[in-house]
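Engineer: File run_29.csv follows (CSV, C-alpha atoms):
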chain,number,residue,atom,x,y,z
A,1,MET,CA,-38.5,22.1,-14.9
A,2,LYS,CA,-35.2,23.8,-15.8
A,3,LYS,CA,-33.9,23.4,-12.2
A,4,LEU,CA,-34.8,19.7,-12.3
A,5,ILE,CA,-32.9,19.2,-15.6
A,6,ILE,CA,-29.9,21.0,-14.2
A,7,SER,CA,-30.0,18.8,-11.0
A,8,ILE,CA,-30.2,15.6,-13.1
A,9,LEU,CA,-27.3,16.7,-15.2
A,10,ALA,CA,-25.2,17.4,-12.1
A,11,VAL,CA,-25.9,14.0,-10.7
A,12,LEU,CA,-25.0,12.4,-14.1
A,13,MET,CA,-21.8,14.4,-14.2
A,14,LEU,CA,-20.8,13.2,-10.7
A,15,ALA,CA,-21.5,9.6,-11.7
A,16,VAL,CA,-19.2,10.0,-14.8
A,17,VAL,CA,-16.4,11.5,-12.7
A,18,SER,CA,-16.7,8.6,-10.1
A,19,ALA,CA,-16.7,6.0,-12.9
A,20,GLN,CA,-13.5,7.6,-14.3
A,21,ALA,CA,-11.6,7.4,-11.1
A,22,ARG,CA,-8.3,5.5,-11.6
A,23,THR,CA,-5.8,3.8,-9.4
A,24,PHE,CA,-2.1,3.9,-10.1
A,25,ALA,CA,0.1,1.4,-8.3
A,26,LEU,CA,3.8,1.0,-7.7
A,27,VAL,CA,5.0,-2.3,-6.3
A,28,VAL,CA,8.6,-2.8,-5.0
A,29,GLY,CA,10.1,-6.1,-3.8
A,30,ILE,CA,13.9,-6.6,-3.2
A,31,SER,CA,15.3,-10.0,-2.6
A,32,ARG,CA,18.8,-9.4,-4.0
A,33,TYR,CA,20.9,-6.5,-2.7
A,34,GLN,CA,24.2,-5.1,-3.7
A,35,VAL,CA,25.6,-6.5,-0.5
A,36,GLU,CA,25.0,-10.2,-0.7
A,37,ASP,CA,24.8,-10.7,3.0
A,38,ALA,CA,21.6,-8.6,3.0
A,39,ASN,CA,19.7,-10.8,0.6
A,40,LEU,CA,16.2,-12.0,1.5
A,41,SER,CA,14.3,-15.0,0.3
A,42,GLN,CA,10.6,-14.1,-0.2
A,43,THR,CA,10.4,-10.4,-0.9
A,44,ALA,CA,10.5,-10.3,-4.7
A,45,LYS,CA,8.1,-13.2,-4.8
A,46,ASP,CA,5.8,-11.3,-2.4
A,47,ALA,CA,5.9,-8.3,-4.8
A,48,LYS,CA,5.0,-10.4,-7.8
A,49,SER,CA,2.1,-11.9,-5.9
A,50,MET,CA,0.8,-8.5,-4.9
A,51,LYS,CA,1.1,-7.2,-8.5
A,52,ALA,CA,-1.0,-10.2,-9.7
A,53,LEU,CA,-3.7,-9.4,-7.1
A,54,ILE,CA,-3.8,-5.7,-7.9
A,55,GLU,CA,-4.1,-6.4,-11.6
A,56,LYS,CA,-7.0,-8.8,-11.0
A,57,ALA,CA,-8.9,-6.9,-8.4
A,58,ILE,CA,-7.9,-3.2,-8.4
A,59,THR,CA,-6.2,-1.8,-11.5
A,60,LYS,CA,-4.2,-2.8,-14.6
A,61,ASP,CA,-2.0,0.3,-14.1
A,62,VAL,CA,0.8,-1.4,-12.1
A,63,THR,CA,4.5,-0.7,-12.2
A,64,ILE,CA,6.8,-3.3,-10.5
A,65,LEU,CA,10.4,-2.9,-9.5
A,66,THR,CA,12.3,-5.8,-8.2
A,67,SER,CA,15.9,-6.3,-6.9
A,68,LYS,CA,18.5,-4.6,-9.1
A,69,TYR,CA,15.9,-2.3,-10.7
A,70,ALA,CA,14.7,-1.1,-7.3
A,71,THR,CA,17.3,1.6,-6.7
A,72,LYS,CA,16.4,4.7,-4.8
A,73,ASP,CA,16.5,6.9,-8.0
A,74,ASN,CA,14.2,4.4,-9.9
A,75,ILE,CA,11.7,4.2,-7.1
A,76,ILE,CA,11.5,8.0,-6.7
A,77,GLU,CA,11.3,8.5,-10.5
A,78,LYS,CA,8.4,5.9,-10.8
A,79,MET,CA,6.5,7.3,-7.8
A,80,ARG,CA,6.9,10.9,-9.0
A,81,ALA,CA,5.5,9.8,-12.4
A,82,ILE,CA,2.5,8.2,-10.8
A,83,CYS,CA,1.9,11.2,-8.5
A,84,ASN,CA,2.0,13.5,-11.5
A,85,ARG,CA,-0.5,11.4,-13.5
A,86,ALA,CA,-3.0,11.0,-10.7
A,87,GLN,CA,-5.7,13.6,-10.6
A,88,LYS,CA,-8.4,14.6,-8.1
A,89,GLY,CA,-10.6,11.6,-7.5
A,90,ASP,CA,-7.9,9.1,-8.4
A,91,ASN,CA,-6.0,6.7,-6.0
A,92,ILE,CA,-2.4,5.8,-5.5
A,93,LEU,CA,-1.2,2.5,-4.2
A,94,PHE,CA,2.4,1.8,-3.0
A,95,TYR,CA,3.6,-1.6,-1.8
A,96,TYR,CA,7.1,-2.3,-0.6
A,97,SER,CA,8.7,-5.6,0.6
A,98,GLY,CA,12.4,-5.6,1.6
A,99,HIS,CA,14.7,-4.3,4.3
A,100,GLY,CA,13.6,-1.5,6.6
A,101,ALA,CA,15.2,0.7,9.2
A,102,ASP,CA,14.0,3.3,11.7
A,103,GLY,CA,12.7,6.1,9.5
A,104,GLY,CA,12.9,4.5,6.1
A,105,LEU,CA,13.4,1.6,3.6
A,106,TYR,CA,16.8,0.2,2.5
A,107,VAL,CA,16.6,-0.3,-1.3
A,108,TYR,CA,18.8,-2.2,-3.7
A,109,ASP,CA,21.8,0.2,-3.8
A,110,ASN,CA,21.9,0.3,0.0
A,111,LYS,CA,20.5,3.8,0.2
A,112,LEU,CA,17.8,4.8,2.6
A,113,LEU,CA,14.5,5.9,1.1
A,114,GLN,CA,13.1,7.9,4.0
A,115,TYR,CA,9.5,7.8,4.9
A,116,ASP,CA,9.4,11.6,4.8
A,117,GLU,CA,10.6,11.5,1.2
A,118,ILE,CA,7.7,9.1,0.4
A,119,ALA,CA,5.3,11.4,2.2
A,120,ASP,CA,6.5,14.5,0.4
A,121,LEU,CA,6.0,12.7,-3.0
A,122,LEU,CA,2.5,11.6,-2.0
A,123,ASP,CA,1.6,15.1,-0.8
A,124,SER,CA,2.7,16.5,-4.1
A,125,SER,CA,-0.1,14.6,-5.9
A,126,ASP,CA,-3.7,15.7,-6.4
A,127,ALA,CA,-4.9,12.1,-5.9
A,128,THR,CA,-7.8,11.9,-3.4
A,129,PHE,CA,-6.7,8.7,-1.7
A,130,LYS,CA,-3.3,7.1,-1.1
A,131,ILE,CA,-2.6,3.7,0.4
A,132,CYS,CA,0.8,2.3,1.4
A,133,TYR,CA,1.5,-1.3,2.4
A,134,ILE,CA,5.0,-1.7,3.9
A,135,ASP,CA,6.4,-5.1,4.6
A,136,ALA,CA,9.7,-4.3,6.2
A,137,CYS,CA,11.4,-4.3,9.6
A,138,HIS,CA,10.7,-1.3,11.9
A,139,ALA,CA,7.9,-0.2,9.5
A,140,GLY,CA,5.9,1.3,12.4
A,141,SER,CA,8.4,4.1,12.5
A,142,SER,CA,6.6,5.6,9.5
A,143,ALA,CA,4.1,7.0,11.9
A,144,THR,CA,6.7,9.6,13.2
A,145,ALA,CA,8.6,10.1,9.9
A,146,THR,CA,7.3,13.6,9.6
A,147,SER,CA,6.0,16.2,12.1
A,148,ALA,CA,2.5,15.8,10.7
A,149,GLY,CA,2.4,12.0,10.4
A,150,PRO,CA,2.6,10.0,7.2
A,151,THR,CA,1.3,12.9,5.0
A,152,LYS,CA,0.5,16.5,5.6
A,153,LYS,CA,-2.7,16.4,3.6
A,154,ASN,CA,-4.1,13.7,5.9
A,155,ASP,CA,-5.3,11.6,2.8
A,156,CYS,CA,-3.1,8.6,3.2
A,157,VAL,CA,-3.4,5.2,4.9
A,158,TYR,CA,-0.4,3.2,5.9
A,159,VAL,CA,-0.9,-0.5,6.7
A,160,VAL,CA,2.5,-1.7,7.9
A,161,GLY,CA,3.9,-5.0,8.9
A,162,CYS,CA,5.2,-4.4,12.5
A,163,ARG,CA,5.9,-2.0,15.3
A,164,PRO,CA,8.9,0.4,15.2
A,165,GLU,CA,11.0,-1.9,17.3
A,166,GLU,CA,10.0,-5.2,15.6
A,167,SER,CA,11.2,-7.2,12.6
A,168,SER,CA,8.9,-8.2,9.7
A,169,LEU,CA,9.3,-12.0,9.4
A,170,GLU,CA,9.5,-14.3,6.4
A,171,ASN,CA,8.4,-17.9,6.5
A,172,ALA,CA,9.9,-20.4,4.0
A,173,VAL,CA,7.1,-22.9,4.6
A,174,LEU,CA,4.4,-20.4,3.7
A,175,GLY,CA,6.6,-19.1,0.8
A,176,ALA,CA,5.9,-15.5,1.8
A,177,GLY,CA,6.3,-13.0,4.6
A,178,PHE,CA,3.7,-13.3,7.3
A,179,PHE,CA,2.4,-9.7,6.6
A,180,THR,CA,2.2,-9.9,2.8
A,181,ARG,CA,0.5,-13.3,3.0
A,182,SER,CA,-2.2,-11.9,5.3
A,183,LEU,CA,-2.6,-8.8,3.0
A,184,LEU,CA,-3.2,-11.1,0.0
A,185,LEU,CA,-5.7,-13.3,1.9
A,186,GLY,CA,-7.5,-10.2,3.3
A,187,LEU,CA,-7.8,-8.4,0.0
A,188,ARG,CA,-9.0,-11.6,-1.7
A,189,GLY,CA,-12.0,-11.6,0.7
A,190,LYS,CA,-10.9,-13.1,4.0
A,191,ALA,CA,-11.1,-9.7,5.6
A,192,ASP,CA,-14.7,-9.0,4.3
A,193,SER,CA,-16.4,-9.3,7.7
A,194,ASN,CA,-19.8,-8.2,6.6
A,195,ALA,CA,-19.8,-10.2,3.4
A,196,ASP,CA,-20.6,-7.3,1.1
A,197,LYS,CA,-17.7,-8.2,-1.3
A,198,LYS,CA,-15.9,-5.0,-0.4
A,199,VAL,CA,-12.8,-4.8,1.8
A,200,THR,CA,-12.4,-1.6,3.8
A,201,VAL,CA,-9.3,-0.3,5.5
A,202,ILE,CA,-10.5,-1.2,9.0
A,203,GLU,CA,-11.6,-4.7,7.9
A,204,LEU,CA,-8.3,-5.4,6.2
A,205,PHE,CA,-6.3,-4.2,9.2
A,206,LYS,CA,-8.3,-6.2,11.8
A,207,PHE,CA,-7.8,-9.3,9.8
A,208,VAL,CA,-4.1,-8.8,9.1
A,209,TYR,CA,-3.4,-7.9,12.6
A,210,ASN,CA,-5.0,-11.0,14.1
A,211,ASP,CA,-3.6,-13.3,11.5
A,212,VAL,CA,0.0,-12.0,11.7
A,213,VAL,CA,0.1,-12.0,15.5
A,214,ARG,CA,-1.2,-15.5,15.6
A,215,ARG,CA,1.1,-16.9,13.0
A,216,SER,CA,4.2,-15.1,14.4
A,217,LYS,CA,3.3,-16.2,17.9
A,218,GLY,CA,3.2,-12.7,19.1
A,219,GLN,CA,6.6,-11.6,17.6
A,220,GLN,CA,5.1,-9.3,15.0
A,221,HIS,CA,2.2,-6.7,15.3
A,222,PRO,CA,1.0,-4.9,12.2
A,223,GLN,CA,0.1,-1.2,12.6
A,224,LEU,CA,-2.6,1.0,11.0
A,225,ILE,CA,-1.6,4.7,10.5
A,226,ALA,CA,-4.5,6.6,9.1
A,227,PRO,CA,-7.1,9.3,10.0
A,228,GLU,CA,-10.3,7.8,11.3
A,229,ARG,CA,-12.3,9.3,8.5
A,230,LEU,CA,-10.5,6.9,6.1
A,231,HIS,CA,-11.1,3.7,8.1
A,232,GLN,CA,-14.2,2.8,6.0
A,233,ALA,CA,-12.5,3.6,2.6
A,234,VAL,CA,-12.9,0.6,0.2
A,235,LEU,CA,-9.6,-0.9,-0.9
A,236,CYS,CA,-11.0,-3.8,-3.0
A,237,ASN,CA,-14.4,-4.2,-4.5
A,238,TRP,CA,-15.2,-7.6,-5.8
A,239,ASN,CA,-18.6,-6.5,-7.0
A,240,LYS,CA,-16.9,-4.7,-9.9
A,241,LYS,CA,-15.1,-6.1,-12.9
A,242,ASN,CA,-11.6,-4.6,-13.1
How would this structure read if it were set down as structure tokens?
Structural biologist:
Amino acid sequence: MKKLIISILAVLMLAVVSAQARTFALVVGISRYQVEDANLSQTAKDAKSMKALIEKAITKDVTILTSKYATKDNIIEKMRAICNRAQKGDNILFYYSGHGADGGLYVYDNKLLQYDEIADLLDSSDATFKICYIDACHAGSSATATSAGPTKKNDCVYVVGCRPEESSLENAVLGAGFFTRSLLLGLRGKADSNADKKVTVIELFKFVYNDVVRRSKGQQHPQLIAPERLHQAVLCNWNKKN
């Protein structure tokens, strides 16, 4: 009887830990740069749309930085704060929409936030799962940003808008970038191929890939950079109230 009680308590404790898992999100979108010729039309809008979806479906703990507030120092400071807050069992979500380059992201003050800097910050956190959505040109170069891939801990998923040699396209008619629009549709349920009201990594990627390739007429190919063991990780669960 004593062993049975201990077993029941252990199960209850695991349930409590699972219920207490939190997600911390940082959303960045840059439409206005210090150099005016670099300005974009949809990126800050995309970030605000992503923030609204995250707050509705995933977590209320969302920090957003747009345009002049999205300097390299500010982004690193906010990400470091999130990485420090997240504990084992928690999740981290990072979204970026703006200019990209081979090996990193160009932020408001025209500095390059390198993918290996992002990876190092994520690796510093005890969070169990990390997801990065990158809507930027050459985003596929994040796959080779570090010698060990996106993160050394092998606990991070990157869903990025294009191959290393490609651009991430905006569409004024859609009022969004092709990639972010597909992300939003997919997370809202369009990617839920088995109709269980949960969107997994692989479900989201397959939907986004097919949608973006079709809409861009083959000019843009999203990429999934993730260990296979995380392909079935649930990104959005519409069975739960958030």
Engineer: Just the number, please: distance in Å from CA of Ser182 in chain A to CA of Val208 in chain A, one decimal.
Structural biologist: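 Pair CA of Ser182 in chain A / CA of Val208 in chain A returns 5.3 Å.
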Engineer: Select, from A:Ala119, A:Ala226, A:Leu53, A:Leu93, the residue with the minimum atom-to-atom distance to Tyr133 in chain A, counting all atoms listed in the file.
Structural biologist: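 For Tyr133 in chain A, the nearest of the given residues is A:Leu93.
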Engineer: Just the residues within 12 Å of Lys56 in chain A, please, counting only C-alpha atoms, with nothing from its chain fewer than 4 positions along; format it as a PyMOL selection string.
Structural biologist: chain A and resi 49-52+60-62+184+187-188+236-238+240-242
Engineer: When you count all atoms listed in the file, which of these residues is closest to Lys198 in chain A: A:Ala143, A:Ile58, A:Leu169, A:Ala101?
Structural biologist: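 Of A:Ala143, A:Ile58, A:Leu169, A:Ala101, the one nearest Lys198 in chain A, counting all atoms listed in the file, is A:Ile58.
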Engineer: At a cut-off of 6 Å, using only C-alpha atoms, what residues contact range 32-36 of chain A? Leave out same-chain residues fewer than 3 positions from it and give the result as a ChimeraX atom specification.
Structural biologist: /A:39,67,108-109
Engineer: Go ahead and dump the residues you just picked, C-alpha atoms, as an mmCIF file, keeping the file's coordinate frame.
Structural biologist:
data_model
loop_
_atom_site.group_PDB
_atom_site.id
_atom_site.type_symbol
_atom_site.label_atom_id
_atom_site.label_comp_id
_atom_site.auth_asym_id
_atom_site.auth_seq_id
_atom_site.Cartn_x
_atom_site.Cartn_y
_atom_site.Cartn_z
ATOM 1 C CA ASN A 39 19.700 -10.800 0.600
ATOM 2 C CA SER A 67 15.900 -6.300 -6.900
ATOM 3 C CA TYR A 108 18.800 -2.200 -3.700
ATOM 4 C CA ASP A 109 21.800 0.200 -3.800
#
Engineer: For Ser41 in chain A, which residue out of A:Ser142, A:Thr23, A:Asn171, A:Ser124 is the nearest one, using all atoms listed in the file?
Structural biologist: A:Asn171
Engineer: List the neighbours of range 209-218 of chain A out to 8 Å using all atoms listed in the file; skip same-chain residues closer than 3 positions along the sequence, and give me the result as a PyMOL selection string.
Structural biologist: chain A and resi 169+178-179+182+205-206+221-223
Engineer: Could you tell me how far CA of Asp90 in chain A lies from CA of Val28 in chain A, in Å and to one decimal?
Structural biologist: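 These two atoms are separated by 20.6 Å.
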Engineer: Rounded to one decimal place, report the CA of Phe94 in chain A-CA of Gln219 in chain A distance in Å.
Structural biologist: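 The value is 24.9 Å.
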Engineer: Restricting the calculation to all atoms listed in the file: of A:Ala70, A:Ile225, A:Leu122, A:Val201, which residue gets closest to Ser141 in chain A?
Structural biologist: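 Of A:Ala70, A:Ile225, A:Leu122, A:Val201, the one nearest Ser141 in chain A is A:Ile225, counting all atoms listed in the file.
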Engineer: Can you work out which one of A:Ala47, A:Ala127, A:Leu105, A:Ala139 has the shortest atom-to-atom distance to Ser168 in chain A, counting only C-alpha atoms?
Structural biologist: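 With only C-alpha atoms as the atom set, the closest residue is A:Ala139.
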Engineer: Considering all atoms listed in the file, can you say which of A:Val27, A:Ile118, A:Lys197, A:Asn110 comes closest to Val234 in chain A?
Structural biologist: A:Lys197
